[in-house]
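Pasting final-v2.pdb here (PDB, C-alpha atoms):
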```pdb
MODEL        1
ATOM      1  CA  MET A   1       0.000   0.000   0.000
ATOM      2  CA  ASN A   2       1.217   3.499  -0.808
ATOM      3  CA  PHE A   3       2.558   5.075   2.421
ATOM      4  CA  TRP A   4       0.748   8.373   1.937
ATOM      5  CA  LEU A   5      -2.500   6.495   1.275
ATOM      6  CA  PHE A   6      -1.906   4.561   4.488
ATOM      7  CA  LEU A   7      -1.291   7.773   6.423
ATOM      8  CA  GLY A   8      -4.511   9.227   5.022
ATOM      9  CA  SER A   9      -6.384   6.117   6.127
ATOM     10  CA  VAL A  10      -4.979   6.497   9.650
ATOM     11  CA  ALA A  11      -6.113  10.112   9.799
ATOM     12  CA  VAL A  12      -9.600   9.214   8.572
ATOM     13  CA  SER A  13      -9.846   6.440  11.168
ATOM     14  CA  ILE A  14      -8.829   8.835  13.909
ATOM     15  CA  LEU A  15     -11.441  11.391  12.882
ATOM     16  CA  ALA A  16     -14.121   8.736  12.518
ATOM     17  CA  ALA A  17     -13.477   7.400  16.006
ATOM     18  CA  ALA A  18     -13.650  10.898  17.434
ATOM     19  CA  SER A  19     -17.003  11.649  15.809
ATOM     20  CA  THR A  20     -18.868   8.534  17.029
ATOM     21  CA  GLY A  21     -18.704   9.327  20.729
ATOM     22  CA  ILE A  22     -17.938   5.656  21.418
ATOM     23  CA  LEU A  23     -15.131   4.976  23.868
ATOM     24  CA  ASP A  24     -12.181   2.932  22.666
ATOM     25  CA  SER A  25     -11.913  -0.158  24.875
ATOM     26  CA  LYS A  26      -8.257  -0.616  23.827
ATOM     27  CA  LEU A  27      -7.487   2.506  25.857
ATOM     28  CA  ASP A  28      -9.126   1.304  29.074
ATOM     29  CA  GLU A  29      -5.858   0.455  30.792
ATOM     30  CA  ASP A  30      -4.156   3.651  29.590
ATOM     31  CA  TRP A  31      -7.086   5.681  30.926
ATOM     32  CA  LYS A  32      -6.880   3.993  34.333
ATOM     33  CA  ASN A  33      -3.121   4.470  34.491
ATOM     34  CA  TRP A  34      -3.417   8.142  33.500
ATOM     35  CA  LYS A  35      -6.016   8.809  36.203
ATOM     36  CA  SER A  36      -3.902   7.029  38.788
ATOM     37  CA  GLN A  37      -0.702   8.826  37.766
ATOM     38  CA  HIS A  38      -2.226  12.295  38.107
ATOM     39  CA  GLY A  39      -4.715  11.584  40.897
ATOM     40  CA  ASN A  40      -7.723  12.487  38.747
ATOM     41  CA  GLN A  41     -11.067  11.203  40.002
ATOM     42  CA  TYR A  42     -14.463  11.765  38.420
ATOM     43  CA  THR A  43     -18.066  11.146  39.370
ATOM     44  CA  LYS A  44     -19.989   8.460  37.508
ATOM     45  CA  ASP A  45     -21.816  11.110  35.480
ATOM     46  CA  GLU A  46     -18.612  12.928  34.559
ATOM     47  CA  GLU A  47     -16.417   9.914  33.783
ATOM     48  CA  SER A  48     -17.589   9.285  30.197
ATOM     49  CA  TYR A  49     -17.422  12.950  29.244
ATOM     50  CA  ARG A  50     -13.852  13.328  30.537
ATOM     51  CA  ARG A  51     -12.852  10.053  28.905
ATOM     52  CA  MET A  52     -14.123  11.280  25.509
ATOM     53  CA  ILE A  53     -12.113  14.494  25.778
ATOM     54  CA  TRP A  54      -9.036  12.531  26.863
ATOM     55  CA  GLU A  55      -9.373  10.143  23.917
ATOM     56  CA  ASP A  56      -9.730  13.073  21.499
ATOM     57  CA  ASN A  57      -6.518  14.514  22.907
ATOM     58  CA  MET A  58      -4.799  11.131  22.615
ATOM     59  CA  ARG A  59      -5.782  10.974  18.938
ATOM     60  CA  TYR A  60      -4.475  14.485  18.390
ATOM     61  CA  ILE A  61      -1.166  13.533  20.006
ATOM     62  CA  GLU A  62      -0.901  10.416  17.860
ATOM     63  CA  GLN A  63      -1.572  12.312  14.632
ATOM     64  CA  HIS A  64       0.782  15.146  15.578
ATOM     65  CA  ASN A  65       3.624  12.744  16.304
ATOM     66  CA  ILE A  66       3.042  10.878  13.028
ATOM     67  CA  GLU A  67       3.454  14.212  11.247
ATOM     68  CA  HIS A  68       6.593  14.877  13.285
ATOM     69  CA  SER A  69       8.086  11.574  12.120
ATOM     70  CA  LEU A  70       7.442  12.707   8.538
ATOM     71  CA  GLY A  71       9.198  16.014   9.095
ATOM     72  CA  LYS A  72       5.991  18.068   9.036
ATOM     73  CA  ARG A  73       6.318  19.133  12.682
ATOM     74  CA  THR A  74       9.335  20.486  14.530
ATOM     75  CA  SER A  75       8.417  18.942  17.883
ATOM     76  CA  LYS A  76       6.631  16.021  19.476
ATOM     77  CA  VAL A  77       3.804  16.240  22.018
ATOM     78  CA  GLY A  78       2.628  13.987  24.826
ATOM     79  CA  MET A  79      -0.149  13.500  27.357
ATOM     80  CA  ASN A  80      -0.089  15.397  30.658
ATOM     81  CA  LYS A  81      -2.384  15.936  33.635
ATOM     82  CA  PHE A  82      -4.603  18.349  31.675
ATOM     83  CA  GLY A  83      -5.525  15.704  29.098
ATOM     84  CA  ALA A  84      -9.205  15.513  30.083
ATOM     85  CA  LEU A  85      -9.823  19.257  29.673
ATOM     86  CA  THR A  86     -11.021  21.049  26.559
ATOM     87  CA  ASN A  87      -8.980  23.997  25.257
ATOM     88  CA  GLU A  88     -11.593  26.378  26.636
ATOM     89  CA  GLU A  89     -11.490  24.771  30.072
ATOM     90  CA  PHE A  90      -7.692  24.803  30.138
ATOM     91  CA  ASN A  91      -7.548  28.485  29.163
ATOM     92  CA  LYS A  92     -10.096  29.426  31.805
ATOM     93  CA  LEU A  93      -8.237  27.440  34.457
ATOM     94  CA  MET A  94      -4.632  28.332  33.664
ATOM     95  CA  ASN A  95      -4.521  31.539  31.625
ATOM     96  CA  GLY A  96      -5.261  34.660  33.617
ATOM     97  CA  HIS A  97      -2.334  37.032  33.363
ATOM     98  CA  ARG A  98      -3.229  40.317  35.021
ATOM     99  CA  ARG A  99      -1.338  43.005  33.210
ATOM    100  CA  ILE A 100      -0.157  45.934  35.305
ATOM    101  CA  GLU A 101       0.120  49.056  33.169
ATOM    102  CA  ALA A 102       3.339  51.005  33.197
ATOM    103  CA  VAL A 103       3.257  54.345  34.984
ATOM    104  CA  ASN A 104       4.676  56.280  32.059
ATOM    105  CA  MET A 105       3.925  54.677  28.704
ATOM    106  CA  THR A 106       5.412  57.631  26.824
ATOM    107  CA  GLU A 107       8.900  56.830  28.089
ATOM    108  CA  ILE A 108       8.502  53.132  27.284
ATOM    109  CA  GLU A 109       7.267  53.855  23.762
ATOM    110  CA  ALA A 110      10.229  56.197  23.231
ATOM    111  CA  ASP A 111      12.629  53.499  24.408
ATOM    112  CA  GLU A 112      11.036  51.002  22.027
ATOM    113  CA  ARG A 113      11.469  53.414  19.125
ATOM    114  CA  ASP A 114      15.128  53.909  20.041
ATOM    115  CA  GLU A 115      15.661  50.146  20.230
ATOM    116  CA  SER A 116      13.943  49.703  16.861
ATOM    117  CA  SER A 117      16.229  52.269  15.253
ATOM    118  CA  GLU A 118      19.305  50.617  16.742
ATOM    119  CA  SER A 119      18.217  47.164  15.569
ATOM    120  CA  GLU A 120      18.078  48.357  11.960
ATOM    121  CA  GLU A 121      21.796  49.102  12.160
ATOM    122  CA  ILE A 122      22.648  45.564  13.335
ATOM    123  CA  PRO A 123      23.638  43.126  10.545
ATOM    124  CA  ILE A 124      20.795  40.822   9.587
ATOM    125  CA  GLU A 125      22.928  37.778  10.443
ATOM    126  CA  LEU A 126      22.973  38.859  14.083
ATOM    127  CA  ARG A 127      19.335  39.931  14.148
ATOM    128  CA  THR A 128      18.156  36.556  12.853
ATOM    129  CA  ALA A 129      20.606  34.412  14.864
ATOM    130  CA  SER A 130      19.199  32.183  17.580
ATOM    131  CA  VAL A 131      20.619  30.437  20.623
ATOM    132  CA  ASP A 132      19.130  27.529  22.554
ATOM    133  CA  TRP A 133      19.955  28.601  26.100
ATOM    134  CA  ARG A 134      18.904  25.196  27.410
ATOM    135  CA  ARG A 135      21.925  23.690  25.678
ATOM    136  CA  GLU A 136      24.073  26.381  27.286
ATOM    137  CA  GLY A 137      22.926  25.256  30.737
ATOM    138  CA  LEU A 138      21.214  28.559  31.540
ATOM    139  CA  VAL A 139      17.591  27.380  31.790
ATOM    140  CA  THR A 140      15.985  25.309  34.550
ATOM    141  CA  PRO A 141      13.400  22.613  33.718
ATOM    142  CA  VAL A 142       9.835  23.744  33.012
ATOM    143  CA  LYS A 143       7.979  24.784  36.168
ATOM    144  CA  ASN A 144       4.261  24.692  36.910
ATOM    145  CA  GLN A 145       2.753  27.801  38.481
ATOM    146  CA  GLY A 146      -0.601  26.081  38.967
ATOM    147  CA  GLN A 147      -3.590  28.360  39.403
ATOM    148  CA  CYS A 148      -1.703  31.009  41.356
ATOM    149  CA  ARG A 149      -1.215  33.200  38.233
ATOM    150  CA  SER A 150       2.189  34.220  39.482
ATOM    151  CA  SER A 151       3.700  34.803  36.058
ATOM    152  CA  GLY A 152       5.637  37.860  37.214
ATOM    153  CA  ALA A 153       7.503  35.838  39.819
ATOM    154  CA  PHE A 154       8.294  33.042  37.358
ATOM    155  CA  SER A 155       9.488  35.523  34.732
ATOM    156  CA  ALA A 156      11.797  37.155  37.260
ATOM    157  CA  THR A 157      13.315  33.926  38.577
ATOM    158  CA  GLY A 158      13.888  32.680  35.039
ATOM    159  CA  GLY A 159      15.809  35.815  34.161
ATOM    160  CA  ILE A 160      17.899  35.788  37.329
ATOM    161  CA  GLU A 161      18.629  32.063  37.101
ATOM    162  CA  GLY A 162      20.069  32.464  33.624
ATOM    163  CA  GLN A 163      22.220  35.450  34.497
ATOM    164  CA  TRP A 164      23.520  33.783  37.672
ATOM    165  CA  ALA A 165      24.416  30.618  35.772
ATOM    166  CA  LYS A 166      26.133  32.610  33.033
ATOM    167  CA  LYS A 167      28.295  34.480  35.535
ATOM    168  CA  HIS A 168      28.993  31.741  38.093
ATOM    169  CA  GLY A 169      28.632  28.557  36.044
ATOM    170  CA  ASN A 170      26.070  27.196  38.474
ATOM    171  CA  LEU A 171      22.379  26.888  37.558
ATOM    172  CA  VAL A 172      20.188  27.215  40.668
ATOM    173  CA  SER A 173      16.393  27.039  40.668
ATOM    174  CA  LEU A 174      15.159  30.122  42.542
ATOM    175  CA  SER A 175      12.091  30.567  44.721
ATOM    176  CA  GLU A 176       8.982  32.054  43.143
ATOM    177  CA  GLN A 177       7.236  31.518  46.473
ATOM    178  CA  ASN A 178       9.725  33.893  48.098
ATOM    179  CA  LEU A 179       8.599  36.618  45.698
ATOM    180  CA  ILE A 180       4.890  35.832  46.011
ATOM    181  CA  ASP A 181       4.979  36.036  49.804
ATOM    182  CA  CYS A 182       7.381  38.884  50.332
ATOM    183  CA  GLN A 183       7.424  41.434  47.529
ATOM    184  CA  GLY A 184       6.157  44.845  48.514
ATOM    185  CA  SER A 185       3.258  44.972  46.062
ATOM    186  CA  LYS A 186       1.276  42.508  48.210
ATOM    187  CA  LEU A 187      -0.454  41.235  45.081
ATOM    188  CA  GLY A 188       0.650  37.656  45.727
ATOM    189  CA  CYS A 189      -0.849  35.336  43.142
ATOM    190  CA  TYR A 190      -2.134  38.271  41.107
ATOM    191  CA  SER A 191       1.210  39.918  40.540
ATOM    192  CA  GLY A 192       1.959  40.232  36.850
ATOM    193  CA  SER A 193       4.970  42.500  37.221
ATOM    194  CA  ALA A 194       8.407  40.952  36.846
ATOM    195  CA  VAL A 195       9.873  44.432  37.330
ATOM    196  CA  LYS A 196       8.545  44.630  40.899
ATOM    197  CA  CYS A 197      10.014  41.197  41.557
ATOM    198  CA  PHE A 198      13.412  42.305  40.246
ATOM    199  CA  ASN A 199      13.243  45.405  42.457
ATOM    200  CA  TYR A 200      12.427  43.263  45.486
ATOM    201  CA  VAL A 201      15.500  41.084  44.887
ATOM    202  CA  ILE A 202      17.663  44.193  44.478
ATOM    203  CA  ASP A 203      16.265  45.951  47.538
ATOM    204  CA  PHE A 204      16.637  42.909  49.799
ATOM    205  CA  GLN A 205      19.923  41.846  48.205
ATOM    206  CA  GLY A 206      18.961  38.340  47.270
ATOM    207  CA  ILE A 207      16.375  35.618  46.865
ATOM    208  CA  ASN A 208      15.986  32.126  48.313
ATOM    209  CA  SER A 209      16.509  28.978  46.291
ATOM    210  CA  GLU A 210      13.588  26.750  45.339
ATOM    211  CA  GLU A 211      15.038  24.041  47.573
ATOM    212  CA  THR A 212      15.037  26.177  50.713
ATOM    213  CA  TYR A 213      11.741  27.962  49.959
ATOM    214  CA  PRO A 214       9.560  25.580  47.893
ATOM    215  CA  TYR A 215       6.589  26.603  45.798
ATOM    216  CA  ILE A 216       3.083  25.962  47.176
ATOM    217  CA  GLY A 217       1.091  27.951  44.613
ATOM    218  CA  LYS A 218      -0.665  30.287  47.039
ATOM    219  CA  VAL A 219       0.237  33.140  49.367
ATOM    220  CA  ASN A 220       1.765  31.722  52.537
ATOM    221  CA  PRO A 221      -0.503  32.575  55.497
ATOM    222  CA  GLN A 222       2.520  33.768  57.487
ATOM    223  CA  ASP A 223       3.808  37.298  57.037
ATOM    224  CA  PHE A 224       7.355  37.159  55.687
ATOM    225  CA  SER A 225       7.697  40.838  54.791
TER     226      SER A 225
ENDMDL
END
```
How does the structure come out when it is put into structure tokens?
Amino acid sequence: MNFWLFLGSVAVSILAAASTGILDSKLDEDWKNWKSQHGNQYTKDEESYRRMIWEDNMRYIEQHNIEHSLGKRTSKVGMNKFGALTNEEFNKLMNGHRRIEAVNMTEIEADERDESSESEEIPIELRTASVDWRREGLVTPVKNQGQCRSSGAFSATGGIEGQWAKKHGNLVSLSEQNLIDCQGSKLGCYSGSAVKCFNYVIDFQGINSEETYPYIGKVNPQDFS
């Protein structure tokens, strides 16, 4: 059989299975293992609905990775603990960045114009060059901020971690929880400002490591300020 015809047949089969609403019994064990691995439990009424979403996501992953093996995708994907959520549910649960407006946008816009003018003078080879900082040992593994919406703290630690590793040759995972609990803004899980986090680290001359001050994904009830 022609390989491309076979691939088309696989895709059609995947779509057909998704449209019937019938659960795939061959995935029973995988479904049980996935629930056990991530501690996901559902009521009897909810079980079938979540299973259908999970199977749809499994089919998407399978098709995506087939395309990756053919050179049509630059990366592979896999199942995680959010596999039984729709895109809309995931976005509602996890995406909620609260943007804090700059005090003086005029100055920022002027800086951006200056940077744009300077970039035009840089040779195109440098402007289009890329570096994978993970391979340089300047990036910690992916972290999970949970539902705390503490993107400012995670942005700040990521920046500091890389600069520390570049200067000292030692990559240390830093404490987002330290920033959530202690920074002067008192916004905790709703802080979207990495700048305020940087200022906190500067003002207090340091930040704890993740190991000594682990992340709990909520404002610590104690007052550390």
Minimum-distance residue to Leu174 of chain A, chosen among A:Asn220, A:Thr212, A:Asn144, A:Gln37 (using all atoms listed in the file)
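That would be A:Thr212, the residue with the smallest distance to Leu174 of chain A.
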Quick one: residues within 12 Å of Gln163 of chain A, all atoms listed in the file, excluding same-chain residues fewer than 3 positions away - as JSON, numbers by chain?
{"A": [133, 136, 137, 138, 139, 140, 156, 157, 158, 159, 160, 166, 167, 168, 169, 170, 171, 172, 173, 174]}
From the set A:Ile122, A:Ser175, A:Gly78, A:Lys26, which residue has the shortest atom-to-atom contact distance to Ile61 of chain A, counting all atoms listed in the file?
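That would be A:Gly78, the residue with the smallest distance to Ile61 of chain A.
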Skip Ile216 of chain A itself and residues of its chain fewer than 4 positions away, then list as a ChimeraX atom specification all residues within 10 Å of it, counting only C-alpha atoms.
/A:145-146,148,176-177,220
How would the residues just picked look written out with C-alpha atoms as an mmCIF file, in the frame of the given file?
```cif
data_model
loop_
_atom_site.group_PDB
_atom_site.id
_atom_site.type_symbol
_atom_site.label_atom_id
_atom_site.label_comp_id
_atom_site.auth_asym_id
_atom_site.auth_seq_id
_atom_site.Cartn_x
_atom_site.Cartn_y
_atom_site.Cartn_z
ATOM 1 C CA GLN A 145 2.753 27.801 38.481
ATOM 2 C CA GLY A 146 -0.601 26.081 38.967
ATOM 3 C CA CYS A 148 -1.703 31.009 41.356
ATOM 4 C CA GLU A 176 8.982 32.054 43.143
ATOM 5 C CA GLN A 177 7.236 31.518 46.473
ATOM 6 C CA ASN A 220 1.765 31.722 52.537
#
```
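One distance worth recording is that between atom CA of Ala153 of chain A and atom CA of Tyr215 of chain A, which is 11.0 Å.
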Using only C-alpha atoms, collect all residues at a distance of at most 8 Å from (1.3, 13.4, 31.8) as written in the file, then present them as a list in words.
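It turns out the residues near that spot are Trp34, Gln37, His38, Gly78, Met79, Asn80, Lys81, Phe82 and Gly83 of chain A.
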Determine, counting only C-alpha atoms, every residue of protein, DNA or RNA that lies within 9 Å of (3.8, 30.3, 48.8) in the file coordinates, then give the result as a PyMOL selection string.
chain A and resi 176-181+188-189+213-221
Go ahead and write the selection's residues with C-alpha atoms as an mmCIF file, in the coordinates of the input.
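What follows is the written file again-v1.cif:
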```cif
data_model
loop_
_atom_site.group_PDB
_atom_site.id
_atom_site.type_symbol
_atom_site.label_atom_id
_atom_site.label_comp_id
_atom_site.auth_asym_id
_atom_site.auth_seq_id
_atom_site.Cartn_x
_atom_site.Cartn_y
_atom_site.Cartn_z
ATOM 1 C CA GLU A 176 8.982 32.054 43.143
ATOM 2 C CA GLN A 177 7.236 31.518 46.473
ATOM 3 C CA ASN A 178 9.725 33.893 48.098
ATOM 4 C CA LEU A 179 8.599 36.618 45.698
ATOM 5 C CA ILE A 180 4.890 35.832 46.011
ATOM 6 C CA ASP A 181 4.979 36.036 49.804
ATOM 7 C CA GLY A 188 0.650 37.656 45.727
ATOM 8 C CA CYS A 189 -0.849 35.336 43.142
ATOM 9 C CA TYR A 213 11.741 27.962 49.959
ATOM 10 C CA PRO A 214 9.560 25.580 47.893
ATOM 11 C CA TYR A 215 6.589 26.603 45.798
ATOM 12 C CA ILE A 216 3.083 25.962 47.176
ATOM 13 C CA GLY A 217 1.091 27.951 44.613
ATOM 14 C CA LYS A 218 -0.665 30.287 47.039
ATOM 15 C CA VAL A 219 0.237 33.140 49.367
ATOM 16 C CA ASN A 220 1.765 31.722 52.537
ATOM 17 C CA PRO A 221 -0.503 32.575 55.497
#
```
Could you spell out the hits of the PyMOL selection byres ((chain A and resi 199-205) around 10) on the shown file, as a PyMOL selection string?
chain A and resi 156-157+160+178-179+182-185+194-198+206-208
Atom CA of Lys72 of chain A to atom CA of Arg59 of chain A measures 16.9 Å
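The gap separating atom CA of Lys92 of chain A from atom CA of Ser151 of chain A is 15.4 Å, in Å to one decimal.
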From the list A:Glu210, A:Glu121, A:Glu62, A:Asp56, which residue is nearest Glu161 of chain A when using all atoms listed in the file?
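Between A:Glu210, A:Glu121, A:Glu62, A:Asp56, the residue approaching Glu161 of chain A most closely is A:Glu210.
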Across A:Thr86, A:Glu29, A:Gln63, A:Arg73, the smallest distance to Tyr49 of chain A, with only C-alpha atoms counted, is shown by A:Thr86
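Checking A:Ser48, A:Leu93, A:Asn40, A:His68 one by one against Arg149 of chain A, counting only C-alpha atoms, you find the shortest gap at A:Leu93.
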Step by step, gather every atom of segment 144-156 of chain A that the file lists, find the box along x, y and z that holds them, add 4 Å on each side, and finally give centre and edge lengths in Å to one decimal, as JSON.
```
{"center_x": 4.1, "center_y": 31.3, "center_z": 38.0, "size_x": 23.4, "size_y": 21.2, "size_z": 14.6}
```
